[in-house]
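Shown here: coords_30.txt, compact mmCIF, C-alpha atoms and all ligand atoms.
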```
# COMPACT_ATOMS: atom_id res chain seq x y z
CA MET A 62 -2.28 44.65 -28.25
CA THR A 63 -0.74 47.25 -30.60
CA SER A 64 1.46 49.53 -28.58
CA SER A 65 0.63 52.39 -30.95
CA TYR A 66 -2.74 52.76 -29.21
CA GLY A 67 -3.09 55.76 -26.93
CA PHE A 68 -2.65 55.63 -23.16
CA GLU A 69 -6.38 55.59 -22.35
CA THR A 70 -7.04 52.82 -24.89
CA LEU A 71 -4.24 50.68 -23.48
CA SER A 72 -5.33 51.29 -19.90
CA ILE A 73 -8.72 49.77 -20.75
CA HIS A 74 -7.79 47.07 -23.26
CA ALA A 75 -4.18 45.96 -22.72
CA GLY A 76 -4.09 42.51 -21.12
CA ALA A 77 -7.87 42.14 -21.15
CA ALA A 78 -9.14 40.54 -24.35
CA PRO A 79 -12.45 38.66 -24.01
CA ASP A 80 -11.99 35.38 -22.11
CA PRO A 81 -11.20 32.72 -24.75
CA ALA A 82 -13.02 29.99 -22.81
CA THR A 83 -16.35 31.74 -22.14
CA GLY A 84 -16.41 35.01 -24.07
CA ALA A 85 -16.74 36.92 -20.80
CA ARG A 86 -15.98 40.55 -21.68
CA ALA A 87 -14.83 41.52 -18.20
CA LEU A 88 -11.62 39.96 -16.93
CA PRO A 89 -12.45 36.78 -14.95
CA ILE A 90 -10.96 36.33 -11.48
CA TYR A 91 -9.10 33.02 -11.84
CA GLN A 92 -9.35 32.09 -8.17
CA THR A 93 -7.38 28.88 -8.56
CA THR A 94 -4.20 27.57 -7.04
CA ALA A 95 -3.22 25.08 -9.76
CA TYR A 96 -3.81 24.09 -13.40
CA VAL A 97 -4.37 20.65 -14.92
CA PHE A 98 -1.56 19.45 -17.23
CA ASP A 99 -2.45 18.01 -20.68
CA ASP A 100 -0.24 14.99 -20.04
CA ALA A 101 3.09 14.02 -18.46
CA ASP A 102 5.13 15.48 -21.36
CA HIS A 103 3.31 18.82 -21.09
CA ALA A 104 3.96 18.88 -17.34
CA ALA A 105 7.65 18.12 -17.85
CA ALA A 106 7.99 20.84 -20.49
CA LEU A 107 6.32 23.38 -18.19
CA PHE A 108 8.63 22.52 -15.30
CA ASN A 109 11.68 22.77 -17.60
CA LEU A 110 10.51 26.22 -18.81
CA GLN A 111 10.43 24.78 -22.35
CA THR A 112 6.82 25.79 -22.80
CA VAL A 113 4.93 28.73 -21.36
CA GLY A 114 1.83 28.00 -19.30
CA PHE A 115 0.34 27.86 -15.86
CA ILE A 116 1.54 25.48 -13.14
CA TYR A 117 0.82 26.98 -9.74
CA SER A 118 -0.44 30.46 -8.79
CA ARG A 119 2.58 31.36 -6.69
CA LEU A 120 4.42 31.66 -10.05
CA THR A 121 1.75 32.71 -12.52
CA ASN A 122 -2.03 33.16 -12.70
CA PRO A 123 -4.18 34.33 -15.65
CA THR A 124 -5.68 37.30 -13.75
CA THR A 125 -2.35 38.57 -12.46
CA ALA A 126 -0.88 37.92 -15.94
CA ALA A 127 -3.49 40.30 -17.40
CA LEU A 128 -2.35 43.03 -14.99
CA GLU A 129 1.27 42.31 -15.92
CA ALA A 130 0.49 42.72 -19.63
CA ARG A 131 -1.35 46.00 -18.99
CA LEU A 132 1.42 47.51 -16.86
CA ALA A 133 4.11 46.49 -19.36
CA ALA A 134 2.09 48.17 -22.13
CA LEU A 135 1.51 51.38 -20.17
CA GLU A 136 5.13 51.73 -19.05
CA GLY A 137 6.50 50.84 -22.49
CA GLY A 138 8.31 47.81 -21.02
CA ARG A 139 8.97 44.32 -22.32
CA GLY A 140 7.71 42.29 -19.35
CA CYS A 141 6.23 42.69 -15.89
CA THR A 142 5.93 40.79 -12.63
CA VAL A 143 3.28 41.74 -10.09
CA THR A 144 3.79 41.18 -6.39
CA SER A 145 1.87 41.26 -3.12
CA SER A 146 2.91 44.85 -2.29
CA GLY A 147 5.16 47.68 -3.43
CA HIS A 148 7.75 46.69 -0.86
CA ALA A 149 7.80 43.14 -2.19
CA ALA A 150 8.37 44.56 -5.68
CA GLN A 151 11.49 46.40 -4.46
CA VAL A 152 12.99 43.23 -2.98
CA MET A 153 12.03 41.30 -6.12
CA ALA A 154 13.64 43.96 -8.36
CA LEU A 155 16.96 43.67 -6.52
CA PHE A 156 16.88 39.92 -5.86
CA PRO A 157 18.34 38.78 -9.24
CA LEU A 158 20.91 41.61 -9.20
CA MET A 159 22.30 41.39 -5.68
CA SER A 160 24.19 38.86 -3.59
CA PRO A 161 25.89 39.14 -0.20
CA GLY A 162 28.41 42.00 -0.20
CA MET A 163 26.83 43.85 -3.12
CA GLU A 164 25.55 47.42 -3.00
CA VAL A 165 22.62 49.48 -4.25
CA VAL A 166 23.04 53.26 -4.50
CA ALA A 167 19.76 54.97 -3.61
CA ALA A 168 18.61 58.59 -3.47
CA THR A 169 17.84 59.90 0.02
CA ARG A 170 14.49 61.23 -1.18
CA LEU A 171 12.47 58.01 -0.94
CA TYR A 172 9.26 56.83 0.67
CA GLY A 173 10.07 56.44 4.40
CA GLY A 174 9.27 52.73 4.31
CA SER A 175 11.77 52.20 1.49
CA ILE A 176 14.57 53.86 3.45
CA GLN A 177 13.69 51.65 6.40
CA GLN A 178 13.67 48.52 4.21
CA MET A 179 17.03 49.33 2.64
CA LYS A 180 18.77 50.52 5.79
CA ASN A 181 17.61 47.94 8.32
CA THR A 182 16.47 44.84 6.44
CA TYR A 183 18.74 44.60 3.38
CA PRO A 184 21.82 44.13 5.61
CA LYS A 185 20.21 40.89 6.82
CA PHE A 186 20.59 39.60 3.25
CA GLY A 187 24.17 40.91 3.16
CA TRP A 188 23.07 43.72 0.82
CA ALA A 189 24.22 47.29 1.50
CA ALA A 190 22.33 50.45 0.55
CA LYS A 191 24.33 53.65 0.09
CA PHE A 192 22.21 56.80 0.21
CA VAL A 193 23.16 59.88 -1.79
CA ASP A 194 21.55 63.27 -2.33
CA GLY A 195 20.00 62.63 -5.73
CA ASN A 196 19.73 66.33 -6.55
CA GLN A 197 23.45 66.26 -7.43
CA VAL A 198 23.83 63.64 -10.13
CA GLU A 199 27.63 63.39 -9.58
CA ASN A 200 26.87 61.88 -6.15
CA PHE A 201 25.79 58.69 -7.91
CA LYS A 202 29.06 58.56 -9.85
CA ARG A 203 31.10 59.05 -6.67
CA ALA A 204 29.24 56.29 -4.85
CA VAL A 205 29.93 53.61 -7.49
CA THR A 206 32.32 50.78 -6.55
CA ASP A 207 33.00 47.38 -8.12
CA LYS A 208 30.27 46.06 -5.80
CA THR A 209 27.52 48.36 -7.10
CA ARG A 210 24.72 46.42 -8.77
CA ALA A 211 21.91 48.99 -9.14
CA PHE A 212 20.80 52.60 -8.69
CA PHE A 213 17.40 53.25 -7.09
CA ILE A 214 15.40 56.49 -7.28
CA GLU A 215 11.80 57.71 -7.25
CA SER A 216 10.69 59.76 -10.29
CA LEU A 217 8.36 62.02 -8.30
CA CYS A 218 9.53 61.55 -4.73
CA ASN A 219 7.45 60.79 -1.68
CA PRO A 220 6.49 62.89 0.33
CA GLY A 221 6.07 64.86 -2.85
CA GLY A 222 7.31 68.04 -4.41
CA VAL A 223 10.72 66.66 -5.48
CA VAL A 224 11.54 65.45 -9.01
CA MET A 225 14.70 63.54 -9.99
CA ASP A 226 16.68 64.15 -13.20
CA ILE A 227 15.99 60.62 -14.46
CA GLU A 228 17.82 60.90 -17.78
CA ALA A 229 21.03 62.25 -16.22
CA ILE A 230 21.03 59.57 -13.51
CA ALA A 231 20.34 56.88 -16.15
CA ARG A 232 23.45 58.02 -18.06
CA VAL A 233 25.59 57.59 -14.93
CA ALA A 234 24.08 54.12 -14.38
CA GLU A 235 24.81 53.23 -18.00
CA SER A 236 28.47 54.24 -17.73
CA ALA A 237 28.75 52.32 -14.44
CA GLY A 238 27.27 49.25 -16.17
CA VAL A 239 24.39 48.88 -13.72
CA PRO A 240 20.60 49.13 -14.14
CA LEU A 241 18.63 52.15 -12.93
CA ILE A 242 15.51 51.18 -10.96
CA VAL A 243 12.83 53.89 -10.79
CA ASP A 244 9.92 53.80 -8.34
CA ASN A 245 7.17 55.43 -10.41
CA THR A 246 4.39 55.11 -7.82
CA LEU A 247 3.64 58.81 -7.31
CA ALA A 248 3.87 59.77 -10.98
CA THR A 249 2.21 56.70 -12.59
CA PRO A 250 2.90 56.06 -16.30
CA TRP A 251 0.23 58.64 -17.15
CA LEU A 252 2.55 61.40 -15.94
CA CYS A 253 5.96 59.86 -16.66
CA LYS A 254 7.44 56.80 -18.36
CA PRO A 255 10.94 56.33 -16.93
CA ILE A 256 11.93 53.66 -19.48
CA GLY A 257 11.86 56.34 -22.18
CA TYR A 258 14.53 58.21 -20.17
CA GLY A 259 16.82 55.21 -19.76
CA ALA A 260 15.46 53.36 -16.71
CA THR A 261 15.99 49.58 -16.83
CA LEU A 262 13.37 48.58 -14.27
CA VAL A 263 10.28 50.47 -13.07
CA VAL A 264 8.75 49.48 -9.75
CA HIS A 265 5.31 50.36 -8.43
CA SER A 266 3.19 50.21 -5.37
CA THR A 267 -0.05 49.47 -7.25
CA THR A 268 -1.69 50.00 -3.85
CA LYS A 269 -1.75 53.71 -4.64
CA PHE A 270 -2.91 55.52 -7.83
CA LEU A 271 -3.00 52.44 -10.07
CA SER A 272 -5.74 50.70 -8.09
CA GLY A 273 -6.87 54.16 -7.04
CA THR A 274 -9.44 53.39 -4.37
CA GLY A 275 -7.43 52.57 -1.27
CA THR A 276 -8.66 48.97 -1.18
CA SER A 277 -5.95 46.61 -2.41
CA MET A 278 -2.27 46.05 -1.77
CA GLY A 279 -0.04 45.23 -4.73
CA GLY A 280 3.27 45.91 -6.41
CA ALA A 281 4.90 45.51 -9.81
CA ILE A 282 8.27 45.41 -11.56
CA VAL A 283 8.29 46.37 -15.24
CA ASP A 284 11.43 45.43 -17.19
CA SER A 285 12.50 47.53 -20.18
CA GLY A 286 14.11 44.44 -21.74
CA LYS A 287 17.00 46.67 -22.78
CA PHE A 288 19.76 45.82 -20.30
CA ASP A 289 22.43 43.33 -21.37
CA TRP A 290 22.71 41.13 -18.27
CA SER A 291 25.87 39.45 -19.55
CA ARG A 292 27.68 42.81 -19.39
CA GLY A 293 30.70 42.78 -17.08
CA ALA A 294 29.82 39.38 -15.58
CA LYS A 295 28.06 41.23 -12.77
CA PHE A 296 24.73 39.43 -12.87
CA PRO A 297 25.33 35.66 -12.64
CA SER A 298 21.72 34.93 -11.59
CA LEU A 299 20.51 36.25 -14.94
CA ALA A 300 23.43 35.51 -17.24
CA GLY A 301 25.09 32.49 -15.62
CA PRO A 302 23.98 28.88 -15.15
CA GLU A 303 20.91 28.61 -12.87
CA PRO A 304 21.27 25.51 -10.66
CA ALA A 305 17.51 25.35 -10.02
CA TYR A 306 16.88 24.78 -13.76
CA HIS A 307 19.66 22.34 -14.74
CA GLY A 308 22.13 25.15 -15.43
CA LEU A 309 19.77 27.11 -17.72
CA ASN A 310 21.08 30.58 -18.62
CA PHE A 311 18.09 32.98 -18.52
CA ASN A 312 19.81 35.66 -20.58
CA GLU A 313 20.73 33.25 -23.38
CA THR A 314 17.41 31.40 -23.30
CA PHE A 315 14.90 34.24 -22.89
CA GLY A 316 16.78 37.28 -24.24
CA ASP A 317 14.89 40.50 -23.46
CA MET A 318 12.43 38.54 -21.28
CA ALA A 319 15.23 37.11 -19.06
CA PHE A 320 14.49 39.34 -16.07
CA THR A 321 10.73 38.72 -16.18
CA PHE A 322 11.07 34.95 -16.58
CA HIS A 323 13.58 34.85 -13.74
CA SER A 324 11.23 36.91 -11.53
CA HIS A 325 8.47 34.36 -11.94
CA ALA A 326 10.43 31.13 -12.19
CA VAL A 327 12.91 31.88 -9.39
CA GLY A 328 11.85 35.07 -7.54
CA LEU A 329 8.15 34.39 -6.98
CA ARG A 330 8.75 30.66 -6.75
CA ASP A 331 11.37 30.92 -3.96
CA LEU A 332 10.44 34.16 -2.16
CA GLY A 333 6.68 33.79 -2.63
CA PRO A 334 5.27 37.36 -2.59
CA SER A 335 2.63 36.68 -5.26
CA GLN A 336 -0.28 39.04 -5.82
CA ALA A 337 -3.75 37.65 -5.12
CA PRO A 338 -5.92 37.37 -8.27
CA PHE A 339 -8.67 39.40 -6.59
CA ASN A 340 -6.26 42.29 -5.93
CA ALA A 341 -5.05 42.13 -9.52
CA TRP A 342 -8.67 42.26 -10.68
CA ILE A 343 -9.46 45.34 -8.55
CA THR A 344 -6.30 47.00 -9.82
CA MET A 345 -7.27 46.25 -13.44
CA LEU A 346 -10.66 47.86 -12.77
CA GLY A 347 -8.97 50.91 -11.24
CA MET A 348 -6.56 51.28 -14.14
CA GLU A 349 -9.42 51.65 -16.63
CA THR A 350 -9.89 55.17 -15.23
CA LEU A 351 -6.24 55.97 -14.47
CA GLY A 352 -5.95 58.76 -17.06
CA LEU A 353 -9.23 60.40 -16.03
CA ARG A 354 -8.38 60.20 -12.36
CA MET A 355 -4.81 61.50 -12.76
CA GLU A 356 -6.06 64.45 -14.76
CA ARG A 357 -8.41 65.41 -11.92
CA HIS A 358 -5.88 64.55 -9.18
CA CYS A 359 -3.35 66.91 -10.78
CA ALA A 360 -5.82 69.71 -11.53
CA ASN A 361 -7.17 69.62 -7.95
CA ALA A 362 -3.66 69.52 -6.47
CA ALA A 363 -2.54 72.50 -8.57
CA ARG A 364 -5.56 74.56 -7.42
CA ILE A 365 -5.04 73.60 -3.77
CA ALA A 366 -1.27 74.26 -3.82
CA ALA A 367 -1.91 77.75 -5.24
CA PHE A 368 -4.59 78.36 -2.58
CA LEU A 369 -2.33 77.23 0.26
CA GLU A 370 0.59 79.34 -0.96
CA LYS A 371 -1.53 82.46 -0.32
CA HIS A 372 -3.05 81.31 2.99
CA PRO A 373 -1.97 83.36 6.04
CA ALA A 374 -1.64 80.25 8.23
CA VAL A 375 0.73 78.57 5.74
CA ALA A 376 4.51 79.19 5.83
CA TRP A 377 5.53 77.37 2.65
CA VAL A 378 4.25 74.92 -0.01
CA ASN A 379 6.46 72.32 -1.69
CA TYR A 380 4.65 71.37 -4.92
CA ALA A 381 6.64 70.93 -8.14
CA GLY A 382 3.70 72.27 -10.15
CA LEU A 383 4.13 75.73 -8.60
CA PRO A 384 6.42 78.18 -10.42
CA SER A 385 7.99 78.94 -7.00
CA SER A 386 9.26 75.34 -6.69
CA LYS A 387 12.92 74.69 -7.46
CA TYR A 388 11.76 71.43 -9.10
CA HIS A 389 9.36 73.21 -11.44
CA ALA A 390 11.64 72.90 -14.50
CA LEU A 391 12.29 69.18 -13.89
CA ALA A 392 8.56 68.60 -13.40
CA LYS A 393 7.77 70.39 -16.67
CA ARG A 394 10.31 68.24 -18.47
CA TYR A 395 9.54 64.79 -16.99
CA MET A 396 5.83 65.16 -16.19
CA PRO A 397 4.42 67.87 -18.46
CA LYS A 398 0.80 66.81 -17.86
CA GLY A 399 0.98 67.63 -14.14
CA ALA A 400 3.09 67.36 -11.00
CA GLY A 401 1.02 64.68 -9.28
CA SER A 402 -1.22 65.11 -6.28
CA VAL A 403 0.99 64.35 -3.28
CA PHE A 404 2.86 67.24 -1.68
CA THR A 405 3.79 68.86 1.60
CA PHE A 406 3.26 72.26 3.14
CA GLY A 407 4.31 73.91 6.38
CA VAL A 408 2.05 75.63 8.89
CA ARG A 409 3.01 78.67 10.93
CA GLY A 410 3.03 77.62 14.58
CA GLY A 411 4.81 74.26 14.15
CA TYR A 412 3.86 70.97 15.79
CA GLU A 413 0.84 72.19 17.79
CA THR A 414 -0.77 73.82 14.76
CA GLY A 415 0.00 70.82 12.54
CA VAL A 416 -1.76 68.45 14.94
CA LYS A 417 -4.74 70.80 15.16
CA VAL A 418 -5.12 70.88 11.38
CA VAL A 419 -5.45 67.07 11.14
CA ASP A 420 -7.86 67.12 14.09
CA ASN A 421 -10.08 69.71 12.42
CA VAL A 422 -10.37 68.48 8.82
CA GLU A 423 -13.77 67.00 7.98
CA LEU A 424 -13.59 65.86 4.37
CA PHE A 425 -9.89 64.93 4.34
CA SER A 426 -9.10 61.59 6.02
CA HIS A 427 -6.26 61.53 8.53
CA LEU A 428 -4.38 58.35 7.64
CA ALA A 429 -1.13 56.85 6.30
CA ASN A 430 -1.80 56.20 2.63
CA LEU A 431 -1.80 58.08 -0.67
CA GLY A 432 -3.18 57.80 -4.16
CA ASP A 433 -6.79 57.24 -3.11
CA ALA A 434 -9.77 58.86 -4.88
CA LYS A 435 -10.45 60.34 -1.43
CA SER A 436 -8.32 63.24 -0.17
CA LEU A 437 -5.91 62.30 2.59
CA ILE A 438 -3.79 64.20 5.11
CA ILE A 439 -1.08 63.23 7.56
CA HIS A 440 1.16 65.06 10.02
CA PRO A 441 4.39 63.01 9.68
CA ALA A 442 6.09 64.33 12.85
CA SER A 443 3.33 62.93 15.08
CA THR A 444 2.82 59.69 13.09
CA THR A 445 5.05 58.08 10.43
CA HIS A 446 8.21 59.91 11.50
CA ARG A 447 7.60 60.22 15.26
CA GLN A 448 10.38 57.72 16.15
CA LEU A 449 13.00 59.95 14.53
CA ALA A 450 15.06 62.56 16.39
CA ASP A 451 14.15 66.20 15.64
CA ASP A 452 17.05 66.80 13.23
CA ALA A 453 16.40 63.49 11.43
CA GLN A 454 12.74 64.50 10.99
CA VAL A 455 13.80 67.74 9.35
CA ALA A 456 16.32 65.95 7.08
CA ALA A 457 13.57 63.57 5.93
CA GLY A 458 11.32 66.51 5.04
CA ALA A 459 9.09 65.67 8.04
CA GLY A 460 9.75 68.54 10.44
CA PRO A 461 7.23 69.55 13.14
CA ASP A 462 5.42 72.05 10.88
CA VAL A 463 5.01 69.69 7.88
CA LEU A 464 1.68 68.32 6.65
CA ARG A 465 1.44 65.92 3.71
CA LEU A 466 -1.57 65.91 1.42
CA SER A 467 -2.71 63.36 -1.14
CA ILE A 468 -5.34 65.25 -3.12
CA GLY A 469 -8.29 63.17 -4.28
CA ILE A 470 -10.76 63.67 -7.09
CA GLU A 471 -13.61 65.31 -5.14
CA THR A 472 -15.06 68.75 -6.01
CA VAL A 473 -12.06 71.03 -5.52
CA GLU A 474 -14.04 73.87 -3.88
CA ASP A 475 -15.11 71.45 -1.12
CA LEU A 476 -11.50 70.45 -0.48
CA ILE A 477 -10.35 74.08 -0.36
CA ALA A 478 -13.17 74.99 2.04
CA ASP A 479 -12.26 72.07 4.31
CA LEU A 480 -8.56 73.01 4.47
CA ASP A 481 -9.45 76.67 4.97
CA GLN A 482 -11.69 76.00 7.97
CA ALA A 483 -9.19 73.55 9.53
CA LEU A 484 -6.28 75.98 9.07
CA THR A 485 -8.29 78.88 10.45
CA LYS A 486 -9.32 76.87 13.57
CA ALA A 487 -5.77 75.58 14.06
CA ALA A 488 -4.24 79.02 13.80
CA ALA A 489 -6.76 80.62 16.20
C1 LIG A 501 3.55 53.08 -0.65
C2 LIG A 501 4.82 53.17 -1.36
C3 LIG A 501 5.70 52.08 -1.41
C4 LIG A 501 5.41 50.78 -0.71
O1 LIG A 501 4.32 50.15 -1.28
P1 LIG A 501 3.35 49.15 -0.48
O2 LIG A 501 2.36 48.75 -1.51
O3 LIG A 501 2.77 49.93 0.66
O4 LIG A 501 4.22 48.03 0.00
C5 LIG A 501 6.87 52.22 -2.13
N1 LIG A 501 7.18 53.37 -2.75
C6 LIG A 501 6.37 54.44 -2.72
C7 LIG A 501 6.76 55.69 -3.43
C8 LIG A 501 5.16 54.38 -2.03
O5 LIG A 501 4.36 55.46 -1.99
```
Is it possible to express this structure as structure tokens?
Ligand SMILES: *Cc1c(COP(=O)(O)O)cnc(C)c1O
Amino acid sequence: MTSSYGFETLSIHAGAAPDPATGARALPIYQTTAYVFDDADHAAALFNLQTVGFIYSRLTNPTTAALEARLAALEGGRGCTVTSSGHAAQVMALFPLMSPGMEVVAATRLYGGSIQQMKNTYPKFGWAAKFVDGNQVENFKRAVTDKTRAFFIESLCNPGGVVMDIEAIARVAESAGVPLIVDNTLATPWLCKPIGYGATLVVHSTTKFLSGTGTSMGGAIVDSGKFDWSRGAKFPSLAGPEPAYHGLNFNETFGDMAFTFHSHAVGLRDLGPSQAPFNAWITMLGMETLGLRMERHCANAARIAAFLEKHPAVAWVNYAGLPSSKYHALAKRYMPKGAGSVFTFGVRGGYETGVKVVDNVELFSHLANLGDAKSLIIHPASTTHRQLADDAQVAAGAGPDVLRLSIGIETVEDLIADLDQALTKAAA
């Protein structure tokens, strides 16, 4: 697929040529565990990674491979590995880079589940996560030690409204000799392509906007193919002898596809978080309309943010698309087509009012997800962040007055009317 095609063309055609075996125009769901070898020599070559092909669906599958090709094309990357969830993608992104004692420097503004994963579960692998305020780029520089193996940020940060200076952080990563990993879930490649700003790896929860319908879990790691893994002898899994493949050196053998080959041949093989072909198929279907949906998601969110900012029951709105936002300039630079559709706002009256809003919405669904075609709302202090102490809730942007919205693609007047009636009832 020519990468000079436009975004909408690639999001429909990349990875999905007619099926060579049957001519089927739609992508087939290859619901198979294994693949017949031509003969013993073919099997041996496949197992030695001397020829490319399918062995077993924990490693590769034609339907998930189609999704990998499409995501690599849309992000402007060299290769891609899809996984069972966004969280699995984060572990898989760090797996070839880290070893016991090594550190990842991450921005504090991350999806709550990612902070949890890094803080509480990574130490069980012997990995350490250092969190820094990503708004000050120098914080990344200060946190670097000889054990640092990656930086991790979100482009447009969950719970929304915050944008990172990707290019500046990528420059610090470059001078530290480590890759920058960017979680691009909330922005999607339609709004922002982090590789163009110097990111080495882009991770996704495809569960969200990419599949777009709130039906299917999935994750992805897109590799830029631009990082020299032999640099500084920091990444022996990628640029040293791999014992599992007779001492094969992935960097020497596969060049700019080293990370992606390693992710399949070692990561998926040994950790096992493979994406189901059916989920990949649903995600491919969703991605055909990604551009159309994102356009509407962003337009609806901009209208609703402006409406809320003027509402008497609302204390503040944190949406990077609003001129009042301190992230407005960064949003204009990194995501000029729109500031996404996930953001927070605060109600006057605190916790009690916040709970009443979620109890009174009719069209919005009260649940813990985002990036659905349907509009969603959650009151973090009474749900996702209820285990945190009061000050920790505030630090995480989840204070008692905070509501998070994920604006869907419904008729915007209906969404405004629903929020208006719920806010009016809650404030009464
Ligand atoms: C949801 C989400 C994740 C985790 O993805 P899952 O598919 O739920 O595992 C990671 N990062 C961000 C920004 C998310 O919104």
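Residue nearest ligand LIG 501 (chain A), chosen from A:Gly286, A:Pro334, A:Gly257, A:Pro297 and counting only C-alpha atoms and all ligand atoms: A:Pro334.
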Item to check | Shell around Ser216 in chain A at 9 Å using all atoms listed in the file, local window under 5 positions removed, as a PyMOL selection string | outcome: chain A and resi 223-227+243-248+253+255+395
Keeping C-alpha atoms, export the residues of the selection given above as a PDB file, in the coordinates of the input.
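What follows is the written file again_28.pdb:
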```
ATOM      1  CA  VAL A 223      10.720  66.660  -5.480  1.00  0.00           C
ATOM      2  CA  VAL A 224      11.540  65.450  -9.010  1.00  0.00           C
ATOM      3  CA  MET A 225      14.700  63.540  -9.990  1.00  0.00           C
ATOM      4  CA  ASP A 226      16.680  64.150 -13.200  1.00  0.00           C
ATOM      5  CA  ILE A 227      15.990  60.620 -14.460  1.00  0.00           C
ATOM      6  CA  VAL A 243      12.830  53.890 -10.790  1.00  0.00           C
ATOM      7  CA  ASP A 244       9.920  53.800  -8.340  1.00  0.00           C
ATOM      8  CA  ASN A 245       7.170  55.430 -10.410  1.00  0.00           C
ATOM      9  CA  THR A 246       4.390  55.110  -7.820  1.00  0.00           C
ATOM     10  CA  LEU A 247       3.640  58.810  -7.310  1.00  0.00           C
ATOM     11  CA  ALA A 248       3.870  59.770 -10.980  1.00  0.00           C
ATOM     12  CA  CYS A 253       5.960  59.860 -16.660  1.00  0.00           C
ATOM     13  CA  PRO A 255      10.940  56.330 -16.930  1.00  0.00           C
ATOM     14  CA  TYR A 395       9.540  64.790 -16.990  1.00  0.00           C
TER      15      TYR A 395
END
```
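With a cut-off of 6 Å and using only C-alpha atoms and all ligand atoms, the polymer residues contacting ligand LIG 501 (chain A) are Ser146, Gly147, His148, Tyr172, Asn219, Thr246, Leu247, Ser266, Thr268, Met278, Gly279 and Gly280 of chain A.
Among A:Met348, A:Val113, A:Ala168, A:Leu155, the residue with the shortest atom-to-atom distance to Thr70 in chain A, counting only C-alpha atoms, is A:Met348.
Near range 462-466 of chain A, within a cut-off of 7 Å and counting all atoms listed in the file, sit the residues Pro220, Val403, Phe404, Thr405, Phe406, Gly407, Val408, Gly411, Tyr412, Gly415, Leu437, Ile438, Ile439, His440 and Pro441 of chain A, with same-chain residues fewer than 6 positions away left out.
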Can you write out as a tab-separated table which residues of range 148-202 of chain A fall within 12 Å of range 300-322 of chain A, alongside each residue's closest atom pair and its distance in Å to one decimal, counting all atoms listed in the file and ordering rows by chain and ascending residue number?
```
residue	atom	partner	partner_atom	distance
A:Met153	CA	A:Phe320	CA	10.4
A:Ala154	CA	A:Phe320	CA	9.0
A:Leu155	CA	A:Phe320	CA	10.8
A:Phe156	CA	A:Phe320	CA	10.5
A:Pro157	CA	A:Phe320	CA	7.9
A:Leu158	CA	A:Phe320	CA	9.7
```
Checklist entry - Residues at most 10 Å from Glu370 in chain A, counting all atoms listed in the file, excluding those fewer than 5 positions away in the same chain, as a VMD selection string? => result chain A and resid 365 375 to 380 383 385 406 to 407
Let me know the centre plus edge lengths, in Å and rounded to one decimal, of a box with edges along x, y and z that contains all listed atoms of range 402-415 of chain A and is padded by 6 Å on every side, as JSON.
```
{"center_x": 1.8, "center_y": 71.5, "center_z": 5.8, "size_x": 18.0, "size_y": 26.3, "size_z": 36.1}
```
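Residue nearest Asp331 in chain A within the list A:Ala149, A:Leu120, A:Ala489, A:Val193: A:Leu120 [criterion: smallest interatomic distance, all atoms listed in the file].
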Write out as a short mmCIF file (atom, residue, chain, number, x, y, z; two decimals) with C-alpha atoms, keeping the file's coordinate frame each polymer residue whose atoms come within 12 Å of Leu71 in chain A, counting all atoms listed in the file; drop sequence neighbours fewer than 2 positions from it.
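New file around.cif:
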```cif
data_model
loop_
_atom_site.label_atom_id
_atom_site.label_comp_id
_atom_site.auth_asym_id
_atom_site.auth_seq_id
_atom_site.Cartn_x
_atom_site.Cartn_y
_atom_site.Cartn_z
CA MET A 62 -2.28 44.65 -28.25
CA THR A 63 -0.74 47.25 -30.60
CA SER A 64 1.46 49.53 -28.58
CA SER A 65 0.63 52.39 -30.95
CA TYR A 66 -2.74 52.76 -29.21
CA GLY A 67 -3.09 55.76 -26.93
CA PHE A 68 -2.65 55.63 -23.16
CA GLU A 69 -6.38 55.59 -22.35
CA ILE A 73 -8.72 49.77 -20.75
CA HIS A 74 -7.79 47.07 -23.26
CA ALA A 75 -4.18 45.96 -22.72
CA GLY A 76 -4.09 42.51 -21.12
CA ALA A 77 -7.87 42.14 -21.15
CA ALA A 78 -9.14 40.54 -24.35
CA LEU A 128 -2.35 43.03 -14.99
CA ALA A 130 0.49 42.72 -19.63
CA ARG A 131 -1.35 46.00 -18.99
CA LEU A 132 1.42 47.51 -16.86
CA ALA A 133 4.11 46.49 -19.36
CA ALA A 134 2.09 48.17 -22.13
CA LEU A 135 1.51 51.38 -20.17
CA GLU A 136 5.13 51.73 -19.05
CA GLY A 137 6.50 50.84 -22.49
CA PRO A 250 2.90 56.06 -16.30
CA TRP A 251 0.23 58.64 -17.15
CA MET A 345 -7.27 46.25 -13.44
CA MET A 348 -6.56 51.28 -14.14
CA GLU A 349 -9.42 51.65 -16.63
CA THR A 350 -9.89 55.17 -15.23
CA LEU A 351 -6.24 55.97 -14.47
CA GLY A 352 -5.95 58.76 -17.06
#
```
Surrounding residues of range 84-101 of chain A excluding itself and chain neighbours under 5 positions, 8 Å, all atoms listed in the file, as an mmCIF file with C-alpha atoms, in the frame of the given file:
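The new file part.cif reads:
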```cif
data_model
loop_
_atom_site.group_PDB
_atom_site.id
_atom_site.type_symbol
_atom_site.label_atom_id
_atom_site.label_comp_id
_atom_site.auth_asym_id
_atom_site.auth_seq_id
_atom_site.Cartn_x
_atom_site.Cartn_y
_atom_site.Cartn_z
ATOM 1 C CA ALA A 77 -7.870 42.140 -21.150
ATOM 2 C CA ALA A 78 -9.140 40.540 -24.350
ATOM 3 C CA PRO A 79 -12.450 38.660 -24.010
ATOM 4 C CA PHE A 115 0.340 27.860 -15.860
ATOM 5 C CA ILE A 116 1.540 25.480 -13.140
ATOM 6 C CA TYR A 117 0.820 26.980 -9.740
ATOM 7 C CA SER A 118 -0.440 30.460 -8.790
ATOM 8 C CA ARG A 119 2.580 31.360 -6.690
ATOM 9 C CA ASN A 122 -2.030 33.160 -12.700
ATOM 10 C CA PRO A 123 -4.180 34.330 -15.650
ATOM 11 C CA THR A 124 -5.680 37.300 -13.750
ATOM 12 C CA PRO A 338 -5.920 37.370 -8.270
ATOM 13 C CA PHE A 339 -8.670 39.400 -6.590
ATOM 14 C CA TRP A 342 -8.670 42.260 -10.680
#
```
